[in-house]
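To keep things clear, I will list the structure first and then write my remarks on it.
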Protein chains: 6
Amino acid sequence: MSRVAVYPGTFDPVTNGHLDLAERGLRHFDRLVIAVLGNEEKRPLFSVDERIELLHEATHGWSGIEIESFDGLLVHFARRVGAQVILRGIRAASDFEYEMQMAMMNRKLEPELETVFLVPSEAYSYVSSRLVREVAKLGGEADRLVPPNVARALNAKLSRG
Amino acid sequence: MSRVAVYPGTFDPVTNGHLDLAERGLRHFDRLVIAVLGNEEKRPLFSVDERIELLHEATHGWSGIEIESFDGLLVHFARRVGAQVILRGIRAASDFEYEMQMAMMNRKLEPELETVFLVPSEAYSYVSSRLVREVAKLGGEADRLVPPNVARALNAKLSRG
Amino acid sequence: MSRVAVYPGTFDPVTNGHLDLAERGLRHFDRLVIAVLGNEEKRPLFSVDERIELLHEATHGWSGIEIESFDGLLVHFARRVGAQVILRGIRAASDFEYEMQMAMMNRKLEPELETVFLVPSEAYSYVSSRLVREVAKLGGEADRLVPPNVARALNAKLSRG
Amino acid sequence: MSRVAVYPGTFDPVTNGHLDLAERGLRHFDRLVIAVLGNEEKRPLFSVDERIELLHEATHGWSGIEIESFDGLLVHFARRVGAQVILRGIRAASDFEYEMQMAMMNRKLEPELETVFLVPSEAYSYVSSRLVREVAKLGGEADRLVPPNVARALNAKLSRG
Amino acid sequence: MSRVAVYPGTFDPVTNGHLDLAERGLRHFDRLVIAVLGNEEKRPLFSVDERIELLHEATHGWSGIEIESFDGLLVHFARRVGAQVILRGIRAASDFEYEMQMAMMNRKLEPELETVFLVPSEAYSYVSSRLVREVAKLGGEADRLVPPNVARALNAKLSRG
Amino acid sequence: MSRVAVYPGTFDPVTNGHLDLAERGLRHFDRLVIAVLGNEEKRPLFSVDERIELLHEATHGWSGIEIESFDGLLVHFARRVGAQVILRGIRAASDFEYEMQMAMMNRKLEPELETVFLVPSEAYSYVSSRLVREVAKLGGEADRLVPPNVARALNAKLSRG
């Protein structure tokens with residue numbers, strides 16, 4: 001039986017912290033499905049299609065990775081792709097409490113699906129998509145926080161805006 | 001002198017966690033007034049009237065319970081109904097800090113009114129109205145998280161939506 | 001039926017924060033039993049008898065208060081004195097997690113006994129018996145942190161030491 | 001070389017907690033620049049100009065203080081005014097995690113700029129602009145939480161609304 | 001290649017929470033090695049040999065589980081048994097910060113070894129070996145918190161004491 | 001007037017995290033006094049004299065730094081060396097609550113002395129003296145966590161032990 005994990009998130013945009021976590025996940029699973037939450041009502045900076053494209057570029061050549069969008073209940077999506085595990089990163093104690101509530105809720109909805117937490121590299125402990133968007137909007141350099149293709153996309157998107 | 005507590009919240013909708021807490025509160029007070037915050041500008045899923053109706057059904061036959069809506073300052077409402085205590089549940093450390101700030105602010109506004117915290121049953125430690133709404137909107141079963149009348153109301157509301 | 005709460009602790013020594021909390025508790029219960037944990041193996045600064053004497057002096061003239069020592073399981077003590085409630089103060093989020101675990105454990109051992117949390121006055125948010133002992137041992141003035149009889153006892157105890 | 005710190009925030013409106021922190025900061029720096037974030041898209045209660053005016057009145061006669069608005073990246077503003085330090089207050093553990101992420105991000109953007117945290121007086125540990133606005137909107141007295149000119153401005157603003 | 005995880009701890013004694021976590025771990029690994037830290041200088045209630053025996057009894061018939069003692073550095077032990085993963089449970093935000101520091105330290109010492117966190121069932125969210133020992137010492141019933149063989153061993157050990 | 005800060009701690013032994021923090025502190029003060037707490041009753045790994053010697057070597061050539069031992073109340077020591085500021089590093093939310101209580105207590109004892117918090121580099125966010133001692137005792141390499149002279153001293157001390 002192959003081992004499959006889902007790594008869900010908004011990825012608006014993908015950061016070096018996300019990539020670090022996905023790479024760690026890949027070592028322990030046969031397939032890692034990055035699940036991009038549509039979330040259109042929250043007015044993301046990048047559309048789902050753009051976010052998926054940025055993820056494809058940033059993980060080019062990685063073996064075992066898949067990138068898909070999803071909209072409904074995460075546990076339904078996980079079942080559809082045959083996953084046994086939900087993968088999440090935690091950087092801070094305050095993250096943790098919300099993540100634990102989600103993990104318990106998802107366990108109630110689908111007892112066989114386990115949520116597994118990894119700690120990202122300390123080099124990315126403060127990097128979040130929200131901080132990246134804010135810095136980029138205000139004219140700061142987000143270069144070391146995101147992969148090069150995302151840095152270019154941020155510049156293009158925000159000079160157009 | 002009868003002892004009166006106010007249990008304030010949005011209750012959009014009432015969950016099994018709320019009912020567990022109210023039941024615990026009732027053992028220690030002569031009257032427990034559930035105070036439903038209007039909160040219409042935040043676009044609740046259920047109107048105040050619907051939320052009050054759901055609470056009435058779910059607490060049918062309980063002795064000493066009252067359900068009312070309120071809109072202004074909680075300490076004014078508490079004074080009006082003759083309460084000496086504000087009752088709140090806390091499930092997590094992150095809840096606690098916000099709750100403590102509210103408790104201190106309410107103490108400043110009305111020194112005689114004490115905020116009292118209870119811990120809900122661990123079976124409900126992860127249940128919140130927000131998680132219930134999200135699960136129900138996405139087609140998940142919220143049955144074990146809310147009383148039966150609320151489960152029916154969620155189905156009716158969301159199939160209509 | 002009279003309402004009885006137990007307020008357990010080591011009280012080595014009682015601080016102004018403890019007295020603030022006991023006073024708040026007294027407004028909501030007919031009897032408040034301060035339960036002094038023996039804890040002799042932890043080498044307290046004051047013996048149980050000294051701690052009880054300091055509490056008696058500091059609460060002199062308060063109506064409804066009792067002070068007793070206990071050694072076994074708190075829920076057994078609470079049953080013996082006829083209490084329905086365990087009273088605890090919480091000052092910080094980190095306190096809270098330990099307190100919540102104790103509350104859940106005590107609920108498992110004695111489901112009818114409820115743990116109730118109050119927030120001490122913000123003026124005492126940083127005062128603990130441990131800090132008071134450390135300050136006094138090192139020659140600092142703990143005057144504004146403890147009642148006058150405790151300040152005197154600290155001076156006497158530590159000049160003797 | 002003179003020592004300069006920036007104290008950034010929304011200050012909608014300035015509270016006694018902010019003033020306590022600014023006063024502490026002033027003792028350690030030659031110049032303290034209060035940097036008022038425009039933040040107009042979040043629909044503040046007071047406009048930037050009103051917030052600056054309220055700050056000028058509340059700090060009237062203080063030596064070494066300056067009040068300015070800013071909109072872009074905080075590290076750019078800090079460089080422009082010649083600051084070596086960003087000053088922030090922290091009241092609670094949950095504040096702290098967000099503040100630490102901001103501090104690390106700002107360090108990445110501008111390594112020479114250090115974020116320095118002070119603890120406000122415990123008398124203001126629960127006071128925030130958001131709580132002040134909510135209390136005032138609902139008809140509560142915010143008198144002891146804000147300086148007199150802000151209390152008057154809140155009354156004027158909200159009776160007009 | 002078989003997948004191997006180490007689940008380290010003191011297990012003094014093993015609780016239902018530990019067993020819940022080990023069972024979850026077993027679903028995702030081919031071998032799960034429970035690593036019992038000697039820790040004799042902390043004067044455990046049960047000796048290493050007793051703790052290992054209690055674990056053997058409690059996991060009797062489980063496939064893929066091994067129980068060993070270790071004393072040196074966890075990363076050395078993990079390498080020796082061929083593990084790619086350290087498994088840990090987290091129940092509370094305060095646990096998490098210490099666990100994250102350990103995870104980062106172990107990553108520094110052995111970059112290929114990943115620490116993976118799971119959340120125990122909410123039914124065991126408050127159960128710890130320390131609380132079990134304290135309750136049993138004071139004469140409380142720890143029956144529902146530990147497996148039956150541990151309950152018997154606690155009774156035997158403590159009536160002898 | 002020269003600006004003086006005290007940076008107190010046990011420093012058993014000094015780590016790269018401590019040195020990072022001291023270096024940051026030095027940029028903002030004319031003199032930084034590292035205050036080594038005797039703490040002999042806690043059986044430190046290195047004696048006060050050894051710890052001071054290790055600090056002297058590790059900060060060799062730094063301008064403005066002084067290293068002293070102290071035993072009594074920190075606020076008395078600070079007054080004696082003419083400090084206006086106590087410098088502390090915080091790495092995690094759980095650190096913060098204890099640090100805030102100490103800061104408030106020290107403010108009560110000496111209102112003119114301000115506690116100032118800095119965030120160490122994220123590269124050292126998980127490094128503590130305790131972890132360094134444990135790793136070294138168990139035979140791990142602490143090289144990248146401490147300066148070279150401390151790594152040598154750990155090896156010498158522990159092979160002797």
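Chain labels run A, B, ... following the order of the structure tokens; each chain numbers its residues from 1, and ligands are numbered from 1 in the order shown.
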Distance table requested - chain A against chain D, cut-off 10 Å, only C-alpha atoms: one row per qualifying residue with the closest atom pair and its distance in Å to one decimal, ordered by chain and rising residue number, as a Markdown table.
```
| residue | atom | partner | partner_atom | distance |
| --- | --- | --- | --- | --- |
| A:Arg91 | CA | D:Glu97 | CA | 9.8 |
| A:Ala92 | CA | D:Glu97 | CA | 7.0 |
| A:Ala93 | CA | D:Glu97 | CA | 8.0 |
| A:Ser94 | CA | D:Ser94 | CA | 6.7 |
| A:Asp95 | CA | D:Glu97 | CA | 9.4 |
| A:Tyr124 | CA | D:Met104 | CA | 9.9 |
| A:Ser125 | CA | D:Gln101 | CA | 7.9 |
| A:Tyr126 | CA | D:Gln101 | CA | 4.7 |
| A:Val127 | CA | D:Met105 | CA | 7.5 |
| A:Ser128 | CA | D:Gln101 | CA | 9.0 |
| A:Leu131 | CA | D:Met105 | CA | 8.0 |
| A:Val132 | CA | D:Met105 | CA | 9.2 |
| A:Glu134 | CA | D:Leu73 | CA | 8.7 |
| A:Val135 | CA | D:Leu73 | CA | 7.0 |
| A:Ala136 | CA | D:Leu73 | CA | 9.3 |
| A:Lys137 | CA | D:Gly72 | CA | 8.6 |
| A:Leu138 | CA | D:Gly72 | CA | 5.1 |
| A:Gly139 | CA | D:Leu73 | CA | 7.0 |
| A:Gly140 | CA | D:Leu73 | CA | 6.9 |
| A:Glu141 | CA | D:Leu109 | CA | 7.3 |
| A:Ala142 | CA | D:Leu109 | CA | 8.4 |
| A:Arg144 | CA | D:Lys108 | CA | 8.7 |
| A:Leu145 | CA | D:Lys108 | CA | 9.4 |
```
Would you export the selected residues with C-alpha atoms as a compact mmCIF listing (two decimals), in the first residue's frame, please?
```
# COMPACT_ATOMS: atom_id res chain seq x y z
CA ARG A 91 5.78 27.34 14.17
CA ALA A 92 4.34 28.75 17.37
CA ALA A 93 2.26 27.83 20.38
CA SER A 94 -0.59 30.05 19.22
CA ASP A 95 -0.72 28.23 15.87
CA TYR A 124 11.53 30.04 8.35
CA SER A 125 9.95 30.18 11.79
CA TYR A 126 8.60 33.70 11.18
CA VAL A 127 7.67 33.46 7.51
CA SER A 128 3.98 33.42 6.61
CA LEU A 131 3.72 38.71 6.09
CA VAL A 132 5.12 38.09 2.59
CA GLU A 134 2.26 42.75 3.34
CA VAL A 135 5.98 43.28 2.85
CA ALA A 136 5.71 43.01 -0.92
CA LYS A 137 2.72 45.40 -1.09
CA LEU A 138 4.62 48.01 0.89
CA GLY A 139 7.63 47.81 -1.40
CA GLY A 140 9.88 45.52 0.64
CA GLU A 141 12.06 42.77 -0.76
CA ALA A 142 10.63 39.35 -0.06
CA ARG A 144 14.84 35.45 0.78
CA LEU A 145 11.40 34.41 2.01
```
| request: Provide the atom CA of F:Ser129 to atom CA of F:Phe11 distance in Å, to one decimal place. | output: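 Calculated distance between atom CA of F:Ser129 and atom CA of F:Phe11 is 6.8 Å.
Nearest residue to D:Asp20, choosing from D:Leu113, D:Val85, D:Phe77, D:Ala58 and counting only C-alpha atoms: D:Ala58.
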| task | List every residue of stretch 12-144 of chain A that DSSP, applied to the backbone of this structure, assigns to strand (DSSP E), and report them as number ranges by chain. | result | A: 31-37, 65-70, 85-89, 114-118
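Neighbouring residues of stretch 150-156 of chain A at 8 Å or closer, counting only C-alpha atoms and skipping chain neighbours under 4 positions away, are Pro13, Val14, Leu54, Ala136, Ala142, Asp143, Val146 and Arg160 of chain A.
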File dump, residues just selected, C-alpha atoms, as a PDB file, in the first residue's frame:
```pdb
ATOM      1  CA  PRO A  13       1.701  32.617  -2.238  1.00  0.00           C
ATOM      2  CA  VAL A  14       3.848  29.591  -1.472  1.00  0.00           C
ATOM      3  CA  LEU A  54       3.578  28.961  -8.777  1.00  0.00           C
ATOM      4  CA  ALA A 136       5.706  43.006  -0.918  1.00  0.00           C
ATOM      5  CA  ALA A 142      10.627  39.347  -0.057  1.00  0.00           C
ATOM      6  CA  ASP A 143      13.448  37.612  -1.946  1.00  0.00           C
ATOM      7  CA  VAL A 146       9.972  32.965  -1.205  1.00  0.00           C
ATOM      8  CA  ARG A 160       0.374  46.066 -12.194  1.00  0.00           C
TER       9      ARG A 160
END
```
I want to know what sits within 8 Å of B:Gln84, based on only C-alpha atoms, with residues of the same chain fewer than 5 positions away left out; could you give that as a short mmCIF file (atom, residue, chain, number, x, y, z; two decimals) with C-alpha atoms, in the first residue's frame?
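Wrote it out as part-v4.cif, contents follow:
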```cif
data_model
loop_
_atom_site.label_atom_id
_atom_site.label_comp_id
_atom_site.auth_asym_id
_atom_site.auth_seq_id
_atom_site.Cartn_x
_atom_site.Cartn_y
_atom_site.Cartn_z
CA ARG B 3 -27.99 34.01 42.83
CA VAL B 4 -28.04 34.95 39.19
CA ALA B 5 -25.45 34.45 36.47
CA ALA B 78 -26.14 42.03 33.79
CA ARG B 79 -27.24 44.81 36.13
CA GLU B 112 -19.31 44.20 41.87
CA LEU B 113 -19.79 41.89 38.89
CA GLU B 114 -17.44 38.90 38.92
#
```
